[in-house]
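Down below is the structure, laid out as structure tokens.
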Amino acid sequence: MEISGKLFEIYETKQVTDKFKKREFVVEYVTNPEYPQYIKFQLTQNNCDYLDGFSKGDMINIQFDLTGRPWTNQSGETTYFTSLNAWRIQKAEGGGNGKRDQVAESSGDMGGGSDSDNDLPF
């Protein structure tokens with residue numbers, strides 16, 4: 001999947017577990033100027049530094065995978081999580097300030113291991 005928008009927010013990389021780290025960012029996506037949407041994406045593992053060459057306000061294109069998975073807590077309740085896992089970020093034509101193109105090593109599962117590796121819901 002692909003989307004274009006303005007880079008609205010960039011967060012620091014978080015080391016979630018010993019084996020998993022992620023970095024989130026928000027894109028302002030506008031199909032109707034009266035109601036802009038703010039969409040949060042994530043980069044994982046070795047891809048977390050891909051935002052280092054970009055700044056808030058840059059117009060970017062993001063290629064990403066839409067993933068979802070269930071997670072059952074200790075009480076047996078199941079919750080479902082949806083993630084937008086970015087694997088390519090590049091400057092949009094005519095936007096931003098000339099920053100670089102970043103492509104992830106793999107567009108596959110970047111979740112950082114099997115479900116048995118951790119008990120976190122992502």
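Letters A, B, ... mark the chains of the structure tokens in the order given; residue numbers begin at 1 per chain; ligand numbers begin at 1, in order shown.
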All residues 12 Å or closer to Val27 in chain A, only C-alpha atoms, same chain fewer than 6 positions away omitted, as an MDAnalysis selection string: chainID A and resid 3:11 36:42 55:62 84 86 89
Can you list, as an MDAnalysis selection string, every residue of range 33-105 of chain A that DSSP puts in strand (DSSP E or B)? chainID A and resid 37:44 59:72 78:91 102:103
Here CA of Arg88 in chain A and CA of Glu34 in chain A stand apart by 28.2 Å
Could you list, as a PyMOL selection string, every residue within 7 Å of Gln45 in chain A, counting only C-alpha atoms and ignoring same-chain residues fewer than 2 positions away? chain A and resi 20-22+47-48+112
Keeping N, CA and C atoms for every residue in the selection just given, could you write it to a file as a CSV table (one decimal), in the first residue's frame?
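Wrote again.csv, looks like this:
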chain,number,residue,atom,x,y,z
A,20,PHE,N,13.2,-6.3,20.2
A,20,PHE,CA,12.3,-5.5,19.3
A,20,PHE,C,12.4,-4.1,19.7
A,21,LYS,N,12.6,-3.2,18.6
A,21,LYS,CA,12.5,-1.8,18.7
A,21,LYS,C,11.7,-1.2,17.6
A,22,LYS,N,11.1,-0.1,17.9
A,22,LYS,CA,10.2,0.6,16.9
A,22,LYS,C,10.3,2.1,17.0
A,47,ASN,N,15.1,-0.6,10.6
A,47,ASN,CA,14.5,0.5,9.8
A,47,ASN,C,14.2,1.7,10.5
A,48,CYS,N,14.5,1.7,11.8
A,48,CYS,CA,14.1,2.9,12.7
A,48,CYS,C,14.8,4.1,12.3
A,112,GLY,N,9.8,-8.6,14.8
A,112,GLY,CA,10.8,-8.8,15.8
A,112,GLY,C,10.8,-10.2,16.5
When you count only C-alpha atoms, which of these residues is closest to Tyr50 in chain A: A:Glu12, A:Ala92, A:Glu2, A:Tyr29?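 Of the candidates, the smallest distance to Tyr50 in chain A is held by A:Glu12.
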Mind checking DSSP for range 21-95 of chain A and telling me the helix (DSSP H, G or I) residues as a ChimeraX atom specification? /A:45-53
Would you list the contacts of range 64-67 of chain A as a list in words, taking every protein, DNA or RNA residue within 6 Å and counting only C-alpha atoms, but skipping same-chain residues closer than 3 positions in sequence?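 Final neighbour list, sorted by chain and number: Met1, Thr82, Ser83, Leu84, Asn85, Ala86 and Trp87 of chain A.
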Expected file: the selected residues, N, CA and C atoms, as an mmCIF file, in the first residue's frame:
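Saved file out34.cif follows:
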data_model
loop_
_atom_site.group_PDB
_atom_site.id
_atom_site.type_symbol
_atom_site.label_atom_id
_atom_site.label_comp_id
_atom_site.auth_asym_id
_atom_site.auth_seq_id
_atom_site.Cartn_x
_atom_site.Cartn_y
_atom_site.Cartn_z
ATOM 1 N N MET A 1 0.843 -1.161 0.000
ATOM 2 C CA MET A 1 0.000 0.000 0.000
ATOM 3 C C MET A 1 0.896 1.234 0.000
ATOM 4 N N THR A 82 -3.943 -3.361 15.054
ATOM 5 C CA THR A 82 -3.644 -3.067 13.664
ATOM 6 C C THR A 82 -2.394 -2.201 13.619
ATOM 7 N N SER A 83 -1.481 -2.533 12.716
ATOM 8 C CA SER A 83 -0.241 -1.764 12.577
ATOM 9 C C SER A 83 -0.035 -1.367 11.127
ATOM 10 N N LEU A 84 0.509 -0.177 10.941
ATOM 11 C CA LEU A 84 0.910 0.294 9.619
ATOM 12 C C LEU A 84 2.441 0.289 9.621
ATOM 13 N N ASN A 85 3.024 -0.761 9.063
ATOM 14 C CA ASN A 85 4.468 -0.963 9.086
ATOM 15 C C ASN A 85 5.104 -0.396 7.815
ATOM 16 N N ALA A 86 5.725 0.763 7.952
ATOM 17 C CA ALA A 86 6.369 1.417 6.811
ATOM 18 C C ALA A 86 7.632 0.673 6.426
ATOM 19 N N TRP A 87 7.862 0.537 5.122
ATOM 20 C CA TRP A 87 9.083 -0.097 4.654
ATOM 21 C C TRP A 87 9.778 0.714 3.561
#
